[in-house]
Amino acid sequence: MTTLTLGKAINEGLRRALAGEDKVVLLGEDIGTLGGVFRVTDGLKAEFGEHRVVDTPLSEAGIVGTAVGLAYRGFRPVVEIQFDGFVYPGFDQLVAQVAKLHYRSRGNVRMPITIRMPFGGGIGAAEHHSESPEAYFAHTAGLRVVACSNPADAYVMIQQAIASDDPVIFLEPKRRYHVKGEVDETASLADAKPMGVASVVASGSEVTLVTYGALVQTARDAAVAAAEDGVSIEVIDLRSISPVDYATIEASVRRTGRLVITHEAGQQGGVGAELVASITERCFEFLEAAPVRVTGHDIPYPPAKLERHHLPDLDRILDGVDRALGRPNSLSGVEA
Amino acid sequence: MNPSDRDATGLLTRPDEFVQLVTSTGERRADADFDPWVSDVDTAALGRLYRDMAIVRRLDTEATALQRQGELGLWPPLAGQEAAQIGSARAMRDDDFAFTSYREHGVAWCRGVGPAELLTVWRGSAASGWNPFEHGIAVPQIIIGAQALHATGYAMGAAWEGSDAATVAYFGDGATSEGDVNEAFVFAASFDAPVVFFCQNNHWAISEPVGLQSKQHLARRADGFGMPGIRVDGNDVLAVLAATRIALDRARHGKGPTLIEAVTYRMGPHTTADDPKRYRTDDELADWRARDPLTRVLALLATTGFDTEALERDVAEEAAQAAAELRAAVTTIPDPEPMSVFDHVYAEPNSHLARQRDHYARYLAMFEDADDTERGAR
């Protein structure tokens, strides 16, 4: 076991992928000489050369679109989108090309492209640097969407994403880049938990609390705080946003009877909406209360000094838990 | 681009000139820069280029008829652009790769795409009719200009692998306004990608004239990106062949991308769903008919004593045969099985889609006892 930050764990995962397969190439803005604005690709250009770790012109459509051509040629491109809010110029190439080419070519052309993206807020950043665009991609057939939450998962999941023959949107919780954890760099990838399987990261019996990315730690903290209050919360780290591992969530909800979902992204048409609908369809008779969403507001991401009023935090999550439990909460007495 | 490269091969940048080796009346114009690139094209070879053009024109007519008769849902005719497509595609090697839009049936023909493969998309049976790796031509692209980036990425990869294979990106005048095309120019120039940007300026993006896309010759844009631009008579198959050979040779020798503007004309509608009478005049069409890409080749051959009557007769027979094969092929394209709607969305198993697929299979199974398994028969 080695102690690594989440960012360094991704760096090591990328290094192992580059070393293991000649066709893996990294493309992005500032990822080479600088090592990325978060240093996630630090040292990789020096180690593997400028044709494996490629500093590109400043064009997200260009980066994703050339990755499509490289995939046609047999490469496994790993694309870095510098910040979540910068992905939109590349949106057409992602949803109309990357996502659809395997289908359009009737399986002849594979798009084993990994699109890495730091996502989420909480770092006091400028506009367009704190967004959570995952629902757009989860809505897009042909893409897989995953989010890591800790160094051990990050190290394994980035390699799994690169090894996948499907395109993967790989979301990195930027405010957790510096969080440290134990990583087993000697473990075989073949034995690792598949990327599409969720993790129960805290066991509990009264409420199932589902989240992903940076909020996994917040949810765990909430579970600890709730336990002091006598409430038992089971926390599930979704890991895969598309497809969702419903088996794990369903098994939990059948025991707890209550579901709370939290994410930084806005509520409308969000990942939480899909989870609530699907879990309600699958195990309505086990639910003892209406599922609850604790999300960012449906607003443009606010200025840094207001982001604490946007992002779900421990107290807002516990308020949602209280709602699910029918305990006094902020919406007590408010009609739906 | 190194300015000295341009000096050494001064022919490369001709963004304002209209390179023409065969006039619309079939006169051969000497061009010291371009002639050497087609010195191997004797009368027999010219006859073969005529054959390609005549056959794809005939196939195009037949496909339009098939659409009118309800066998195809839609067809985007290439009529008028035969020289641009045949001249460029015949310059390619087998191991080169073409990324096209949806109108490059002539390119597909040169790459060996068969009749059923060609029509599959337009019959609505699948989003692609052929395996790109069998023919060295990508799945046709409908998003305007998106393929320019794919061609560039492919070319970058080929160069990194040490291959001297080149890539040709086909797009139209309308596409030059798209970000993707301009971004492809930047990437290709920065990485010296072995790609040829082959722009068929057919003067119309559906109803919008090329003047709405650009206030200057499209080939002139190349200079701003640091690559050579060539403006060529796109209805002159010999000039197109020469220009494309020059650009491909440049690509193979590590000199990076070239932009070719092939000036041509879309004689027909944008697609069979379009009515060009609403936006352009009969006079304009007549003017371009006088610059037909096929007749000038026959006229040139006639001046050399070549038996053009025999060529015309033989090619017409061959084209009629190809058209008959196309017509026969359309009904051989299998209607897709209902459950195949779920195929190939992902390369790997996907739990979400597997469940949806299973539910739909159960739904369809409810009708198995009925006389007709079609849903509507309920």
# chains A, B, ... in the order shown; residues from 1 in each chain; ligands from 1
>>> residues_around(residues="segment 285-296 of chain A", least_positions_apart="2", cutoff="7 Å", atoms="only C-alpha atoms", output="list of chain:residue names")
A:Arg254, A:Gly257, A:Arg258, A:Leu259, A:Val260, A:Ile261, A:Thr262, A:His263, A:Glu264, A:Ala265, A:Gly266, A:Gln267, A:Gly272, A:Val276, A:Cys283, A:Asp298, A:His310, A:Leu311, A:Pro312, A:Ile317, A:Gly320, A:Ala324
>>> closest_atom_pairs(of="chain B", to="chain A", cutoff="7 Å", atoms="only C-alpha atoms", output="tab-separated table")
residue	atom	partner	partner_atom	distance
B:Ala127	CA	A:Arg104	CA	4.8
B:Ser128	CA	A:Ser105	CA	5.5
B:Asn131	CA	A:Asn108	CA	5.9
B:Val139	CA	A:Ser105	CA	6.4
B:Leu149	CA	A:Gly65	CA	4.9
B:His150	CA	A:Gly69	CA	3.8
B:Ala151	CA	A:Gly69	CA	5.8
B:Thr152	CA	A:Thr66	CA	6.0
B:Gly153	CA	A:Thr66	CA	3.7
B:Tyr154	CA	A:Gly69	CA	4.1
B:Gly157	CA	A:Leu70	CA	5.5
B:Trp160	CA	A:His51	CA	6.7
B:Asp180	CA	A:Ala61	CA	6.6
B:Glu183	CA	A:Gly62	CA	5.6
B:Ala184	CA	A:Gly62	CA	6.4
B:Phe187	CA	A:Pro57	CA	6.7
B:His344	CA	A:Tyr103	CA	4.7
B:Val345	CA	A:Tyr103	CA	4.8
B:Tyr346	CA	A:Gly142	CA	5.6
B:Ala347	CA	A:Asp166	CA	5.7
B:Glu348	CA	A:Asp165	CA	6.7
B:Asn350	CA	A:Pro243	CA	6.8
B:Ser351	CA	A:Pro243	CA	6.5
B:His352	CA	A:Pro243	CA	5.5
>>> write_last_selection(atoms="N, CA and C atoms", output="short mmCIF file (atom, residue, chain, number, x, y, z; two decimals), in the first residue's frame")
data_model
loop_
_atom_site.label_atom_id
_atom_site.label_comp_id
_atom_site.auth_asym_id
_atom_site.auth_seq_id
_atom_site.Cartn_x
_atom_site.Cartn_y
_atom_site.Cartn_z
N ALA B 127 -27.39 3.06 -39.98
CA ALA B 127 -26.71 4.36 -40.05
C ALA B 127 -25.43 4.28 -40.88
N SER B 128 -25.07 3.06 -41.27
CA SER B 128 -23.92 2.94 -42.16
C SER B 128 -24.07 1.68 -42.99
N ASN B 131 -18.29 -1.45 -43.72
CA ASN B 131 -17.25 -1.45 -42.69
C ASN B 131 -16.14 -0.51 -43.15
N VAL B 139 -17.52 6.09 -41.96
CA VAL B 139 -18.98 6.19 -41.98
C VAL B 139 -19.33 7.61 -42.46
N LEU B 149 -12.19 16.99 -38.32
CA LEU B 149 -11.39 16.70 -37.12
C LEU B 149 -11.04 15.22 -37.03
N HIS B 150 -11.96 14.37 -37.45
CA HIS B 150 -11.68 12.94 -37.40
C HIS B 150 -10.54 12.61 -38.36
N ALA B 151 -10.58 13.22 -39.53
CA ALA B 151 -9.52 12.99 -40.51
C ALA B 151 -8.18 13.47 -39.97
N THR B 152 -8.21 14.59 -39.28
CA THR B 152 -6.97 15.13 -38.73
C THR B 152 -6.41 14.22 -37.64
N GLY B 153 -7.27 13.75 -36.75
CA GLY B 153 -6.82 12.85 -35.70
C GLY B 153 -6.27 11.55 -36.27
N TYR B 154 -6.97 11.02 -37.26
CA TYR B 154 -6.51 9.79 -37.90
C TYR B 154 -5.13 10.01 -38.51
N GLY B 157 -2.41 10.18 -35.93
CA GLY B 157 -2.08 8.83 -35.46
C GLY B 157 -1.23 8.07 -36.46
N TRP B 160 2.27 9.32 -36.28
CA TRP B 160 2.95 8.87 -35.06
C TRP B 160 3.38 7.41 -35.19
N ASP B 180 -15.60 23.21 -36.29
CA ASP B 180 -14.84 21.96 -36.40
C ASP B 180 -13.83 22.01 -37.54
N GLU B 183 -11.02 24.36 -36.64
CA GLU B 183 -10.20 23.75 -35.59
C GLU B 183 -9.35 22.62 -36.17
N ALA B 184 -9.91 21.93 -37.13
CA ALA B 184 -9.13 20.88 -37.81
C ALA B 184 -7.93 21.51 -38.54
N PHE B 187 -5.28 22.22 -35.83
CA PHE B 187 -4.61 21.02 -35.34
C PHE B 187 -3.70 20.44 -36.43
N HIS B 344 -25.27 -2.65 -30.65
CA HIS B 344 -24.08 -1.80 -30.87
C HIS B 344 -24.13 -0.42 -30.23
N VAL B 345 -25.10 -0.20 -29.34
CA VAL B 345 -25.07 1.08 -28.62
C VAL B 345 -23.78 1.14 -27.81
N TYR B 346 -23.47 0.02 -27.18
CA TYR B 346 -22.21 -0.11 -26.44
C TYR B 346 -21.44 -1.31 -26.98
N ALA B 347 -20.12 -1.23 -26.83
CA ALA B 347 -19.29 -2.36 -27.24
C ALA B 347 -19.28 -3.43 -26.16
N GLU B 348 -19.51 -3.01 -24.92
CA GLU B 348 -19.47 -3.93 -23.79
C GLU B 348 -20.87 -4.05 -23.19
N ASN B 350 -24.08 -3.66 -21.02
CA ASN B 350 -24.53 -2.48 -20.29
C ASN B 350 -25.81 -2.84 -19.55
N SER B 351 -25.76 -2.79 -18.23
CA SER B 351 -26.87 -3.30 -17.42
C SER B 351 -28.17 -2.52 -17.68
N HIS B 352 -28.05 -1.24 -17.84
CA HIS B 352 -29.25 -0.41 -18.04
C HIS B 352 -29.95 -0.77 -19.35
#
>>> residues_around(residues="Val179 of chain A", least_positions_apart="3", cutoff="8 Å", atoms="only C-alpha atoms", output="VMD selection string")
chain A and resid 5 to 6 150 to 151 176
>>> write_last_selection(atoms="N, CA and C atoms", output="CSV table (one decimal), in the first residue's frame")
chain,number,residue,atom,x,y,z
A,5,THR,N,-2.3,11.1,-2.9
A,5,THR,CA,-3.5,12.0,-3.0
A,5,THR,C,-4.3,11.4,-4.2
A,6,LEU,N,-5.6,11.9,-4.2
A,6,LEU,CA,-6.4,11.4,-5.3
A,6,LEU,C,-5.9,11.8,-6.7
A,150,ASN,N,-12.3,8.7,-4.2
A,150,ASN,CA,-11.2,8.5,-3.3
A,150,ASN,C,-10.0,7.9,-4.0
A,151,PRO,N,-8.8,8.1,-3.5
A,151,PRO,CA,-7.6,7.7,-4.2
A,151,PRO,C,-7.5,6.2,-4.7
A,176,ARG,N,-11.4,17.3,-4.0
A,176,ARG,CA,-10.8,16.2,-3.3
A,176,ARG,C,-9.4,15.8,-3.9
>>> closest_residue(among="B:Thr264, B:Thr100, B:Ser88, B:Gln81", to="Val240 of chain B", atoms="only C-alpha atoms")
B:Ser88
>>> atom_distance(atom1="atom CA of Leu209 of chain A", atom2="atom CA of Arg355 of chain B")
24.0 Å
>>> residues_around(residues="segment 338-341 of chain B", least_positions_apart="4", cutoff="9 Å", atoms="only C-alpha atoms", output="number ranges by chain")
B: 345, 357, 360-361, 364
>>> write_last_selection(atoms="C-alpha atoms", output="PDB file, in the first residue's frame")
ATOM      1  CA  VAL B 345     -25.069   1.081 -28.624  1.00  0.00           C
ATOM      2  CA  ARG B 357     -33.990  -4.473 -24.106  1.00  0.00           C
ATOM      3  CA  TYR B 360     -39.132  -4.461 -24.908  1.00  0.00           C
ATOM      4  CA  ALA B 361     -38.609  -8.093 -25.897  1.00  0.00           C
ATOM      5  CA  LEU B 364     -43.080  -7.685 -28.363  1.00  0.00           C
TER       6      LEU B 364
END
